[in-house]
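Structure below is structure.txt: compact mmCIF, C-alpha atoms.
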# COMPACT_ATOMS: atom_id res chain seq x y z
CA MET A 1 -4.98 -14.42 10.02
CA SER A 2 -2.82 -15.37 7.07
CA VAL A 3 -0.47 -12.99 5.35
CA ALA A 4 -2.75 -12.81 2.33
CA GLU A 5 -5.76 -11.82 4.41
CA GLU A 6 -3.71 -9.20 6.16
CA ARG A 7 -2.43 -7.79 2.93
CA ILE A 8 -6.00 -7.42 1.70
CA GLU A 9 -6.89 -5.66 4.92
CA ARG A 10 -3.96 -3.29 4.59
CA LEU A 11 -4.68 -2.60 0.95
CA HIS A 12 -8.27 -1.79 1.84
CA THR A 13 -7.04 0.80 4.32
CA LEU A 14 -4.53 2.20 1.84
CA ALA A 15 -7.11 2.38 -0.92
CA ARG A 16 -9.50 4.27 1.32
CA ALA A 17 -6.78 6.69 2.39
CA ALA A 18 -5.67 7.25 -1.20
CA ALA A 19 -9.24 7.83 -2.37
CA THR A 20 -9.77 10.31 0.45
CA ALA A 21 -6.60 12.14 -0.54
CA GLY A 22 -7.83 12.41 -4.11
CA GLU A 23 -5.41 9.83 -5.53
CA ALA A 24 -8.08 7.87 -7.36
CA GLU A 25 -5.68 6.10 -9.69
CA ARG A 26 -3.49 4.95 -6.84
CA ALA A 27 -6.50 3.71 -4.92
CA ARG A 28 -7.45 1.73 -8.01
CA ASN A 29 -4.02 0.12 -8.02
CA TYR A 30 -4.49 -0.98 -4.44
CA VAL A 31 -7.94 -2.37 -5.15
CA ARG A 32 -6.64 -4.33 -8.13
CA LEU A 33 -3.75 -5.74 -6.12
CA ALA A 34 -6.07 -6.79 -3.30
CA ARG A 35 -8.38 -8.50 -5.80
CA ARG A 36 -5.46 -10.31 -7.37
CA ILE A 37 -4.19 -11.52 -4.00
CA ALA A 38 -7.63 -12.81 -3.07
CA GLU A 39 -7.85 -14.59 -6.40
CA ARG A 40 -4.45 -16.24 -6.14
CA ASN A 41 -4.99 -17.31 -2.56
CA ARG A 42 -8.60 -18.41 -3.04
CA LEU A 43 -9.96 -16.03 -0.44
CA SER A 44 -13.20 -14.13 -0.61
CA LEU A 45 -12.92 -10.42 -0.16
CA PRO A 46 -14.41 -8.85 2.97
CA ARG A 47 -17.94 -7.59 2.54
CA THR A 48 -16.99 -3.98 3.21
CA PHE A 49 -14.35 -4.22 0.50
CA LYS A 50 -16.87 -5.53 -2.02
CA ARG A 51 -19.37 -2.83 -1.17
CA PHE A 52 -16.89 0.02 -1.43
CA THR A 53 -15.25 -0.90 -4.71
CA CYS A 54 -16.55 -0.85 -8.26
CA ASP A 55 -16.68 -4.26 -9.93
CA SER A 56 -16.20 -2.72 -13.32
CA CYS A 57 -13.49 -0.09 -12.99
CA ASP A 58 -11.99 -1.06 -9.61
CA SER A 59 -12.40 2.43 -8.16
CA TYR A 60 -12.62 2.78 -4.43
CA LEU A 61 -16.10 4.21 -3.95
CA ARG A 62 -16.77 7.16 -1.74
CA PRO A 63 -20.51 7.81 -1.61
CA GLY A 64 -21.16 11.43 -2.43
CA THR A 65 -17.87 11.86 -4.26
CA ASN A 66 -17.64 9.22 -6.95
CA ALA A 67 -20.62 7.03 -6.10
CA ARG A 68 -24.34 7.53 -5.85
CA VAL A 69 -26.26 5.49 -3.30
CA ARG A 70 -30.00 5.17 -3.72
CA LEU A 71 -32.53 3.06 -1.88
CA ARG A 72 -35.02 1.13 -3.94
CA ASP A 73 -37.67 -1.36 -2.98
CA GLY A 74 -35.77 -3.85 -0.83
CA HIS A 75 -32.37 -3.11 -2.28
CA VAL A 76 -29.62 -0.53 -2.42
CA VAL A 77 -28.30 0.69 -5.75
CA VAL A 78 -24.75 2.01 -5.84
CA THR A 79 -23.82 3.77 -9.06
CA CYS A 80 -20.17 4.39 -9.79
CA ASP A 81 -19.01 7.38 -11.83
CA CYS A 82 -18.16 4.94 -14.60
CA GLY A 83 -21.85 4.05 -14.80
CA HIS A 84 -21.64 0.59 -13.34
CA GLN A 85 -24.38 -0.27 -10.86
CA ALA A 86 -24.18 -2.64 -7.93
CA ARG A 87 -27.28 -3.81 -6.09
CA TYR A 88 -27.56 -5.48 -2.77
CA PRO A 89 -30.54 -6.19 -0.57
CA TYR A 90 -31.39 -4.70 2.75
CA ASP A 91 -33.72 -5.96 5.42
CA GLU A 92 -36.85 -3.97 5.95
CA SER A 93 -37.52 -4.08 9.63
CA MET B 1 1.01 -13.96 10.83
CA SER B 2 1.24 -10.30 11.41
CA LEU B 3 3.70 -8.01 9.76
CA THR B 4 6.96 -8.91 11.47
CA PRO B 5 10.56 -8.73 10.27
CA GLU B 6 10.30 -12.42 9.34
CA THR B 7 7.16 -12.07 7.26
CA LEU B 8 8.02 -8.71 5.71
CA PRO B 9 9.37 -10.04 2.38
CA ARG B 10 6.07 -11.83 1.88
CA HIS B 11 3.89 -9.07 3.26
CA GLU B 12 2.43 -5.86 1.93
CA LEU B 13 5.08 -3.24 1.24
CA ASN B 14 2.74 -0.48 0.09
CA GLY B 15 2.39 2.16 2.74
CA LEU B 16 5.50 1.25 4.68
CA PRO B 17 8.08 3.88 5.55
CA VAL B 18 11.27 2.97 3.72
CA ARG B 19 14.81 4.18 3.24
CA VAL B 20 17.21 3.26 0.47
CA VAL B 21 20.36 2.19 2.29
CA GLU B 22 22.46 1.07 -0.65
CA SER B 23 21.98 1.40 -4.35
CA ASP B 24 23.91 0.93 -7.55
CA ASP B 25 22.93 4.48 -8.31
CA ALA B 26 24.51 6.67 -5.66
CA THR B 27 21.94 9.42 -6.19
CA ARG B 28 19.21 7.11 -4.87
CA GLU B 29 21.00 6.32 -1.63
CA GLY B 30 19.41 7.85 1.40
CA LEU B 31 16.02 8.37 -0.22
CA GLU B 32 13.44 8.23 2.49
CA GLY B 33 9.72 8.03 2.17
CA ARG B 34 6.76 5.77 1.85
CA VAL B 35 6.19 2.96 -0.62
CA VAL B 36 3.18 3.89 -2.73
CA ILE B 37 3.28 1.47 -5.66
CA GLU B 38 5.04 -1.82 -6.07
CA THR B 39 5.79 -3.44 -9.41
CA THR B 40 7.68 -6.61 -10.26
CA ASN B 41 11.01 -4.87 -10.53
CA THR B 42 10.57 -1.55 -8.81
CA LEU B 43 9.22 0.27 -5.81
CA HIS B 44 7.72 3.73 -6.16
CA ILE B 45 8.68 5.76 -3.13
CA GLU B 46 6.87 8.95 -2.25
CA VAL B 47 9.53 11.30 -0.95
CA SER B 48 8.57 14.47 0.79
CA VAL B 49 10.52 17.38 -0.57
CA SER B 50 11.54 20.23 1.66
CA PRO B 51 9.81 23.49 0.71
CA GLU B 52 13.09 25.15 -0.33
CA ALA B 53 14.04 22.30 -2.63
CA ALA B 54 10.60 22.38 -4.18
CA ARG B 55 10.91 26.09 -4.81
CA LYS B 56 14.35 25.64 -6.32
CA ARG B 57 12.92 23.22 -8.83
CA GLY B 58 10.41 25.87 -9.77
CA GLY B 59 7.64 23.97 -8.06
CA VAL B 60 6.47 22.68 -11.41
CA THR B 61 7.04 19.01 -10.76
CA ALA B 62 5.71 19.14 -7.24
CA GLU B 63 2.76 21.40 -7.90
CA HIS B 64 0.42 18.66 -9.05
CA ARG B 65 0.49 17.04 -5.61
CA GLU B 66 -1.50 18.68 -2.91
CA ASN B 67 0.58 21.24 -1.00
CA GLY B 68 3.41 20.43 -3.42
CA GLU B 69 5.58 18.74 -0.87
CA SER B 70 6.16 15.27 -2.20
CA ARG B 71 7.26 13.52 -5.34
CA VAL B 72 7.33 9.88 -6.34
CA VAL B 73 10.64 8.23 -7.18
CA GLN B 74 10.82 4.87 -8.91
CA VAL B 75 13.61 2.72 -7.48
CA PRO B 76 14.59 -0.64 -8.99
CA LYS B 77 14.53 -3.50 -6.52
CA SER B 78 17.59 -5.20 -7.90
CA GLY B 79 20.77 -3.47 -6.90
CA SER B 80 19.22 -1.68 -3.96
CA THR B 81 18.98 -2.40 -0.28
CA PHE B 82 15.93 -1.15 1.55
CA GLU B 83 15.35 -0.48 5.18
CA PHE B 84 11.72 -0.70 6.24
CA ALA B 85 10.50 0.74 9.49
CA LEU B 86 7.91 -1.39 11.23
CA THR B 87 5.84 0.00 14.02
CA ASP B 88 3.85 -2.27 16.28
CA ASP B 89 0.68 -0.41 15.62
CA ALA B 90 1.38 0.29 11.97
CA ALA B 91 -2.00 -1.04 10.96
CA ASP B 92 -3.87 0.81 13.67
CA PHE B 93 -2.07 4.03 13.01
CA GLU B 94 -2.97 3.88 9.36
CA LYS B 95 -6.57 3.19 10.12
CA GLU B 96 -6.95 5.97 12.62
CA SER B 97 -5.18 8.73 10.79
CA GLY B 98 -6.95 7.77 7.60
CA THR B 99 -4.06 9.06 5.53
CA VAL B 100 -0.79 7.71 4.31
CA SER B 101 0.76 11.01 3.49
CA LYS B 102 2.23 11.39 6.96
CA LEU B 103 5.48 9.60 7.51
CA ALA B 104 5.63 7.30 10.48
CA ASP B 105 7.70 8.54 13.34
CA THR B 106 10.99 7.44 11.90
CA GLU B 107 13.30 8.97 14.42
CA PRO B 108 16.79 8.82 13.01
CA GLY B 109 18.13 8.59 16.53
CA VAL B 110 17.17 4.97 17.10
CA ASP B 111 18.40 3.82 13.74
CA VAL B 112 20.40 0.63 14.13
CA GLU B 113 21.14 -1.20 10.94
CA ASP B 114 22.64 -4.52 9.99
CA HIS B 115 23.54 -5.48 6.49
CA SER B 116 22.62 -9.12 6.48
CA SER B 117 19.40 -9.86 4.69
CA THR B 118 16.19 -9.58 6.69
CA THR B 119 17.69 -8.73 10.01
CA PRO B 120 15.30 -7.55 12.65
CA ASP B 121 16.62 -4.74 14.78
CA CYS B 122 14.34 -4.02 17.63
CA ALA B 123 14.93 -0.44 18.61
CA GLY B 124 12.54 -0.54 21.51
CA GLU B 125 9.39 1.59 21.56
CA GLY B 126 7.70 -0.48 18.90
CA THR B 127 9.81 0.52 15.93
CA ALA B 128 11.85 -2.16 14.21
CA TYR B 129 14.08 -1.48 11.26
CA VAL B 130 14.34 -4.29 8.78
CA THR B 131 17.02 -4.28 6.13
CA VAL B 132 16.15 -6.26 3.05
CA ASP B 133 18.16 -6.83 -0.09
CA GLY B 134 16.03 -5.66 -3.01
CA ALA B 135 16.82 -8.85 -4.95
CA ARG B 136 14.82 -10.73 -2.34
CA LEU B 137 11.72 -8.77 -3.27
CA LEU B 138 11.92 -9.39 -7.02
CA SER B 139 8.50 -10.80 -7.76
CA ARG B 140 5.07 -9.81 -8.82
CA PRO B 141 3.45 -8.06 -5.88
CA ALA B 142 0.61 -10.57 -5.60
CA ARG B 143 2.85 -13.59 -6.07
CA ARG B 144 5.12 -12.77 -3.15
CA THR B 145 2.66 -14.00 -0.53
CA GLU B 146 2.23 -17.49 -1.90
CA THR B 147 3.95 -20.50 -0.43
CA THR B 148 2.79 -23.21 -2.79
CA GLY B 149 4.36 -24.49 -5.99
CA ASP B 150 7.91 -23.44 -6.72
CA SER B 151 7.46 -20.22 -4.81
CA PRO B 152 10.67 -18.92 -3.27
CA TRP B 153 8.66 -17.26 -0.51
CA GLN B 154 8.07 -20.27 1.70

What would you get if you wrote out this structure as structure tokens?
Amino acid sequence: MSVAEERIERLHTLARAAATAGEAERARNYVRLARRIAERNRLSLPRTFKRFTCDSCDSYLRPGTNARVRLRDGHVVVTCDCGHQARYPYDES
Amino acid sequence: MSLTPETLPRHELNGLPVRVVESDDATREGLEGRVVIETTNTLHIEVSVSPEAARKRGGVTAEHRENGESRVVQVPKSGSTFEFALTDDAADFEKESGTVSKLADTEPGVDVEDHSSTTPDCAGEGTAYVTVDGARLLSRPARRTETTGDSPWQ
């Protein structure tokens, strides 16, 4: 694993810890830094990272605290406190 | 390419336990804590304040943090020398505990330091202390990892 990938991994952990500790603004810093590293090193972010961060305001999302998760027909809708919605599909099986 | 003394200047500094060994400003020397934010020219270090010291200050500055035991100090990279403590399982330990507020077990007993830049000091038991000149870290946080172009981080 390259240094950049590892940094993203670490930042993900840090962002989650900061969000859990109520340091939302700090978590946002970590998310932004991880995004920037991925961009500069042409890496795609891990799927868990994408699903737990807001595309619009870069918050680290904690369902039940600052994110609403609702199931719709064939897809999940995650609504951030800022109002931004992310949708992704799920398999019905 | 894990986080080793060799890769540390290019790696993530946020979350690492750190100590200011030398500084142009004598009041910053000996600061010990965790890196919480990195900027181009500075590191923000979260220092835990002893309860007495917090009370002496009136507890006003510390009160906004939970349990009022830590404060964040902004230290310029240039003109300072930092000592980072690396544990073998730093990543695991962060994942499991799920919090960064706890300082890693930085026992002062096994503290061997060298003043040349980026010198690994293996102190056994998985903790290595790496001393880095702050001038070596002067860069945008995201830029430090890159090895292409005219990057000094090759």

> Please, which residues of chain A lie no more than 10 Å from chain B when the count uses only C-alpha atoms, and can they be set out as a VMD selection string?
Replying inline: chain A and resid 1 to 23 26 to 27 29 to 30 32 to 41

> Between CA of Val73 in chain B and CA of Asp58 in chain A, what is the spacing in Å?
Replying inline: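 Computed distance, CA of Asp58 in chain A to CA of Val73 in chain B, equals 24.6 Å.
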
>> Between CA of Val21 in chain B and CA of Val75 in chain B, what distance in Å does the model show, to one decimal?
In response: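 Atom-to-atom, CA of Val21 in chain B to CA of Val75 in chain B, that is 11.9 Å.
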
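As for CA of Arg42 in chain A and CA of Asp55 in chain A, they are spaced 17.7 Å apart.
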
>> Can you pull out the residues contacting Arg28 in chain B? Cut-off 12 Å, using all atoms listed in the file, and skip same-chain residues under 6 positions away; I want them as a list of chain:residue names.
In response: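 Close residues of Arg28 in chain B: B:Arg19, B:Val20, B:Val21, B:Glu22, B:Ile45, B:Val47, B:Val73, B:Gln74, B:Val75, B:Pro76, B:Lys77, B:Gly79, B:Ser80, B:Thr81, B:Phe82.
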
>> Can you tell me which residues surround range 68-72 of chain A at a distance of at most 12 Å, considering only C-alpha atoms, apart from same-chain residues fewer than 5 positions away, and format the answer as a list of chain:residue names?
In response: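 Everything that qualifies: A:Arg51, A:Phe52, A:Cys54, A:Leu61, A:Arg62, A:Pro63, A:Val77, A:Val78, A:Thr79, A:Cys80, A:Asp81, A:Cys82, A:Gly83, A:His84, A:Gln85, A:Ala86, A:Arg87, A:Tyr88, A:Pro89, A:Tyr90, A:Asp91, A:Glu92.
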
All file atoms of range 136-141 of chain B boxed axis-aligned, 5 Å per side, centre plus edges, as JSON:
{"center_x": 9.1, "center_y": -9.4, "center_z": -5.6, "size_x": 21.4, "size_y": 12.7, "size_z": 16.5}
